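Since the structure comes first, as C-alpha cells, the remarks are kept for the end.
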Amino acid sequence: MTNIIDPIAEIDESRAADQDVVIGKSRIIFRRFMRNRTAVAGLFIFLALFLFSLFGGFLTPWDKDTIDPLNIGMGPSPDHFLGTSQAGIDLMALIVEGTRISIFIGLIVGGVSVLISAVYGCTMAFFGGKVDAVMLFILEALIMMPAILVVAVATSGGGGLKNLPSWLLLIIVLLFFSWMGTARLVRSLSMSLMQRDYVKAAKYMGVPSRKIVWRHLVPNIGSLLVLDFTRGITGAVLAEVAFSFIGIGIKLPDVSLGVLIGQATGQVSSFPWMFWVPLTVMFLLTGSLAMMNDGLRDAFDPSSSSIGRAKTKTAKKTIK
C-alpha cells in the first residue's frame, strides 16, 4: 500500500514531528474513517443490529417456536411489540432469529471468500506460466456455472446434502461462487507487485513462496480485501434474501429475513407488519454496510476529498 499524503496526515505528522512520534498508516486510515459521519453512522447501525441479533431475545418473553393461540395474526400490542404471524408466533422473536441468520451468513461468506480470493489470486500471480494458465482456466470455467441452478439443486437436498441445515447449505453454495471475481482482480494487482524490487529480492534470497505471498503480496492489497469484505457481506445478505424469497434459499424451520419477507409478500394488505418490519431491517443492514464501505473507500484513498473539518483546519493553520 502506498503512503497516504493528505491534509489529515499533514496535521498528524506536524504534531508527531514535535514529539518525534511516527504516525502509522493504519492510524491515519482509522482517523479518516472516524471523521466520515456517514460511515460512523453506518458502523453504529450495523453494531446495533448485530447486538440486537445476539441479545434481542431478552426483549420479549416469547421465542420463535412458541405459539400464542390468543393472538394469531395480531398487530403490535403490549404483549407482542411487533405483532404476531399468521401462526401466532411473536414477530420480534422471528426478526431476532432472522437477523442473526442473515448476519451470520454475510460474515462467514464475506470473510472466507476474501481469504480464498487472496490466496488463489496471489498464487496465480506468483507462480505464473503454466500454473497461472491452468488456474485461470479453472477460474473462468467456474465463473460460467449458473449459480441459481446450483443453489436450487443443493438446497433441495440434491447431492446427498439432505441432512445439512438449509443455512449451512446456502453458505457452502455462496462461498463456491462469491470469491471468483475478486480473485481475478487480486491476480492482476499481484502481477504488478511481482515486478517490485523487494519481491524480486525476496525470491533471489530464497525466501519460501508461502512467506512471499503472505508477507509481501497480501498486505499490499489489504485495502482491496477490506473493501471486498464489506461488499461481500452485503452481497451475501442480498443473495440470501433473494434466494429465500423465491423459495430456494433458507428452508423452514430455519428463519431468515428473506424467509420472513417471502412469506408476507402475498399478504401485505392483511398483515403489513409481517412484511414491512423485516424489510426495514434488511434495508438498515444493507444500507449500513454500504455507508461503511463508502467510508472505508474514502479512508484508504489518499486523493479523497471526504476529510470532514480537517481540511478547513489545515487551511487556517496554513494562513497563520
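By convention in this document, the chains of the C-alpha cells carry letters A, B, ... by their order, each chain's residues are numbered from 1, and ligands are numbered from 1 in the order they are shown.
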If you count only C-alpha atoms, which residues fall within 8 Å of region 106-116 of chain A, apart from same-chain ones fewer than 4 positions away, as number ranges by chain?
A: 102, 120, 171, 174-175, 178-179, 182-183, 225, 228-237
Restricting it to N, CA and C atoms, dump the selection as a PDB file, in the first residue's frame.
ATOM      1  N   SER A 102     -29.096 -14.079   8.923  1.00  0.00           N
ATOM      2  CA  SER A 102     -28.650 -13.293   7.768  1.00  0.00           C
ATOM      3  C   SER A 102     -27.269 -12.689   8.015  1.00  0.00           C
ATOM      4  N   TYR A 120      -5.860 -17.545  -3.780  1.00  0.00           N
ATOM      5  CA  TYR A 120      -5.916 -18.046  -5.162  1.00  0.00           C
ATOM      6  C   TYR A 120      -5.310 -17.031  -6.132  1.00  0.00           C
ATOM      7  N   ILE A 171     -24.636 -21.279   2.738  1.00  0.00           N
ATOM      8  CA  ILE A 171     -23.290 -20.747   2.947  1.00  0.00           C
ATOM      9  C   ILE A 171     -22.286 -21.440   2.035  1.00  0.00           C
ATOM     10  N   LEU A 174     -22.899 -20.254  -1.610  1.00  0.00           N
ATOM     11  CA  LEU A 174     -22.474 -18.865  -1.808  1.00  0.00           C
ATOM     12  C   LEU A 174     -20.956 -18.740  -1.778  1.00  0.00           C
ATOM     13  N   LEU A 175     -20.296 -19.498  -0.894  1.00  0.00           N
ATOM     14  CA  LEU A 175     -18.836 -19.482  -0.873  1.00  0.00           C
ATOM     15  C   LEU A 175     -18.252 -20.005  -2.179  1.00  0.00           C
ATOM     16  N   SER A 178     -18.732 -16.821  -4.609  1.00  0.00           N
ATOM     17  CA  SER A 178     -18.536 -15.417  -4.223  1.00  0.00           C
ATOM     18  C   SER A 178     -17.108 -14.924  -4.376  1.00  0.00           C
ATOM     19  N   TRP A 179     -16.108 -15.793  -4.503  1.00  0.00           N
ATOM     20  CA  TRP A 179     -14.715 -15.372  -4.473  1.00  0.00           C
ATOM     21  C   TRP A 179     -14.099 -15.161  -5.852  1.00  0.00           C
ATOM     22  N   THR A 182     -13.284 -11.401  -7.304  1.00  0.00           N
ATOM     23  CA  THR A 182     -12.192 -10.773  -6.560  1.00  0.00           C
ATOM     24  C   THR A 182     -10.859 -11.449  -6.846  1.00  0.00           C
ATOM     25  N   ALA A 183     -10.870 -12.764  -7.049  1.00  0.00           N
ATOM     26  CA  ALA A 183      -9.633 -13.480  -7.336  1.00  0.00           C
ATOM     27  C   ALA A 183      -8.991 -12.987  -8.632  1.00  0.00           C
ATOM     28  N   LEU A 225      -8.909  -5.937  -0.101  1.00  0.00           N
ATOM     29  CA  LEU A 225      -9.523  -7.042   0.628  1.00  0.00           C
ATOM     30  C   LEU A 225     -10.495  -6.537   1.689  1.00  0.00           C
ATOM     31  N   ASP A 228     -13.568  -5.401  -0.116  1.00  0.00           N
ATOM     32  CA  ASP A 228     -14.300  -6.550  -0.635  1.00  0.00           C
ATOM     33  C   ASP A 228     -14.989  -7.324   0.490  1.00  0.00           C
ATOM     34  N   PHE A 229     -14.445  -7.254   1.692  1.00  0.00           N
ATOM     35  CA  PHE A 229     -15.081  -7.923   2.834  1.00  0.00           C
ATOM     36  C   PHE A 229     -16.443  -7.308   3.120  1.00  0.00           C
ATOM     37  N   THR A 230     -16.517  -5.982   3.175  1.00  0.00           N
ATOM     38  CA  THR A 230     -17.799  -5.331   3.431  1.00  0.00           C
ATOM     39  C   THR A 230     -18.760  -5.531   2.255  1.00  0.00           C
ATOM     40  N   ARG A 231     -18.221  -5.470   1.040  1.00  0.00           N
ATOM     41  CA  ARG A 231     -19.084  -5.735  -0.122  1.00  0.00           C
ATOM     42  C   ARG A 231     -19.567  -7.173  -0.121  1.00  0.00           C
ATOM     43  N   GLY A 232     -18.694  -8.086   0.314  1.00  0.00           N
ATOM     44  CA  GLY A 232     -19.080  -9.493   0.354  1.00  0.00           C
ATOM     45  C   GLY A 232     -20.201  -9.757   1.344  1.00  0.00           C
ATOM     46  N   ILE A 233     -20.160  -9.075   2.491  1.00  0.00           N
ATOM     47  CA  ILE A 233     -21.246  -9.229   3.471  1.00  0.00           C
ATOM     48  C   ILE A 233     -22.559  -8.753   2.865  1.00  0.00           C
ATOM     49  N   THR A 234     -22.527  -7.577   2.233  1.00  0.00           N
ATOM     50  CA  THR A 234     -23.742  -7.045   1.610  1.00  0.00           C
ATOM     51  C   THR A 234     -24.263  -7.981   0.531  1.00  0.00           C
ATOM     52  N   GLY A 235     -23.363  -8.462  -0.328  1.00  0.00           N
ATOM     53  CA  GLY A 235     -23.777  -9.360  -1.397  1.00  0.00           C
ATOM     54  C   GLY A 235     -24.362 -10.663  -0.874  1.00  0.00           C
ATOM     55  N   ALA A 236     -23.761 -11.194   0.195  1.00  0.00           N
ATOM     56  CA  ALA A 236     -24.261 -12.445   0.767  1.00  0.00           C
ATOM     57  C   ALA A 236     -25.646 -12.255   1.382  1.00  0.00           C
ATOM     58  N   VAL A 237     -25.848 -11.139   2.083  1.00  0.00           N
ATOM     59  CA  VAL A 237     -27.161 -10.869   2.687  1.00  0.00           C
ATOM     60  C   VAL A 237     -28.223 -10.718   1.600  1.00  0.00           C
TER      61      VAL A 237
END
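Every protein, DNA or RNA residue with an atom at most 12 Å from Met145 (chain A), where only C-alpha atoms count and chain neighbours fewer than 4 positions away do not, is listed here: A:Ile138, A:Leu139, A:Glu140, A:Ala141, A:Leu149, A:Val150, A:Val151, A:Val173, A:Phe176, A:Phe177, A:Met180.
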Can you tell me, as a PyMOL selection string, what residues are no more than 10 Å from region 250-256 of chain A when counting only C-alpha atoms, ignoring any on the same chain fewer than 3 positions away?
chain A and resi 64-65+94-103+105+155-156+165-170+237+240-241+243-247+259-262+278
For the structure I just gave you, how does DSSP split region 43-273 of chain A - specifically, which residues are alpha helix (DSSP H)? Reply as JSON, numbers by chain.
{"A": [43, 44, 45, 46, 47, 48, 49, 50, 51, 52, 53, 54, 55, 91, 92, 93, 94, 95, 96, 97, 98, 99, 100, 101, 102, 103, 104, 105, 106, 107, 108, 109, 110, 111, 112, 113, 114, 115, 116, 117, 118, 119, 120, 121, 122, 123, 124, 125, 126, 127, 129, 130, 131, 132, 133, 134, 135, 136, 137, 138, 139, 140, 141, 142, 143, 147, 148, 149, 150, 151, 152, 153, 154, 155, 166, 167, 168, 169, 170, 171, 172, 173, 174, 175, 176, 177, 178, 180, 181, 182, 183, 184, 185, 186, 187, 188, 189, 190, 191, 192, 193, 197, 198, 199, 200, 201, 202, 203, 204, 209, 210, 211, 212, 222, 223, 224, 225, 226, 227, 228, 229, 230, 231, 232, 233, 234, 235, 236, 237, 238, 239, 240, 241, 242, 243, 244, 245, 257, 258, 259, 260, 261, 262, 263, 264, 272, 273]}
Top pick for closest residue to Ala39 (chain A), considering A:Leu296, A:Asp301, A:Leu185, A:Ala125 and counting only C-alpha atoms
A:Leu296
For region 77-93 of chain A, please output as a PyMOL selection string all residues within 12 Å (counting only C-alpha atoms; exclusion window: fewer than 5 positions along the same chain).
chain A and resi 52-72+98-100+255-257+260-261+263-264+267+270-278+281
Selected residues written out, C-alpha atoms, as a compact mmCIF listing (two decimals), in the first residue's frame:
# COMPACT_ATOMS: atom_id res chain seq x y z
CA PHE A 52 -29.93 -7.00 18.53
CA SER A 53 -29.44 -10.33 16.77
CA LEU A 54 -27.47 -11.64 19.75
CA PHE A 55 -29.41 -10.24 22.69
CA GLY A 56 -32.75 -9.25 21.18
CA GLY A 57 -34.33 -12.37 22.61
CA PHE A 58 -34.21 -10.78 26.05
CA LEU A 59 -36.59 -8.04 24.85
CA THR A 60 -39.51 -10.45 24.55
CA PRO A 61 -40.63 -13.42 26.66
CA TRP A 62 -41.58 -15.34 23.51
CA ASP A 63 -39.41 -17.42 21.18
CA LYS A 64 -39.76 -18.46 17.55
CA ASP A 65 -41.16 -21.89 18.45
CA THR A 66 -43.89 -20.76 20.88
CA ILE A 67 -47.42 -20.15 19.60
CA ASP A 68 -49.78 -17.71 21.30
CA PRO A 69 -53.26 -19.07 20.46
CA LEU A 70 -54.94 -15.94 21.82
CA ASN A 71 -53.06 -13.59 19.46
CA ILE A 72 -52.95 -15.10 15.98
CA GLY A 98 -33.81 -13.98 11.03
CA THR A 99 -31.38 -11.12 11.56
CA ARG A 100 -28.93 -13.44 13.32
CA VAL A 255 -35.78 -18.47 9.66
CA SER A 256 -34.09 -15.57 7.89
CA LEU A 257 -35.03 -12.10 6.69
CA LEU A 260 -39.99 -13.62 6.52
CA ILE A 261 -40.25 -11.23 3.57
CA GLN A 263 -43.92 -15.38 3.50
CA ALA A 264 -45.55 -11.97 3.96
CA GLN A 267 -50.48 -10.69 2.48
CA SER A 270 -53.76 -8.08 5.65
CA PHE A 271 -50.59 -8.31 7.74
CA PRO A 272 -48.49 -5.25 6.83
CA TRP A 273 -46.27 -5.53 9.91
CA MET A 274 -45.18 -9.01 8.81
CA PHE A 275 -43.78 -7.51 5.60
CA TRP A 276 -42.53 -4.05 6.47
CA VAL A 277 -40.66 -4.90 9.68
CA PRO A 278 -38.26 -7.49 8.16
CA VAL A 281 -34.37 -4.44 9.00
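If only C-alpha atoms are the atoms counted, then among A:Ile248, A:Leu47, A:Leu164, A:Ile212 the closest residue to Phe127 (chain A) is A:Ile212.
The two atoms in question, CA of Asn36 (chain A) and CA of Met291 (chain A), are spaced 9.6 Å apart.
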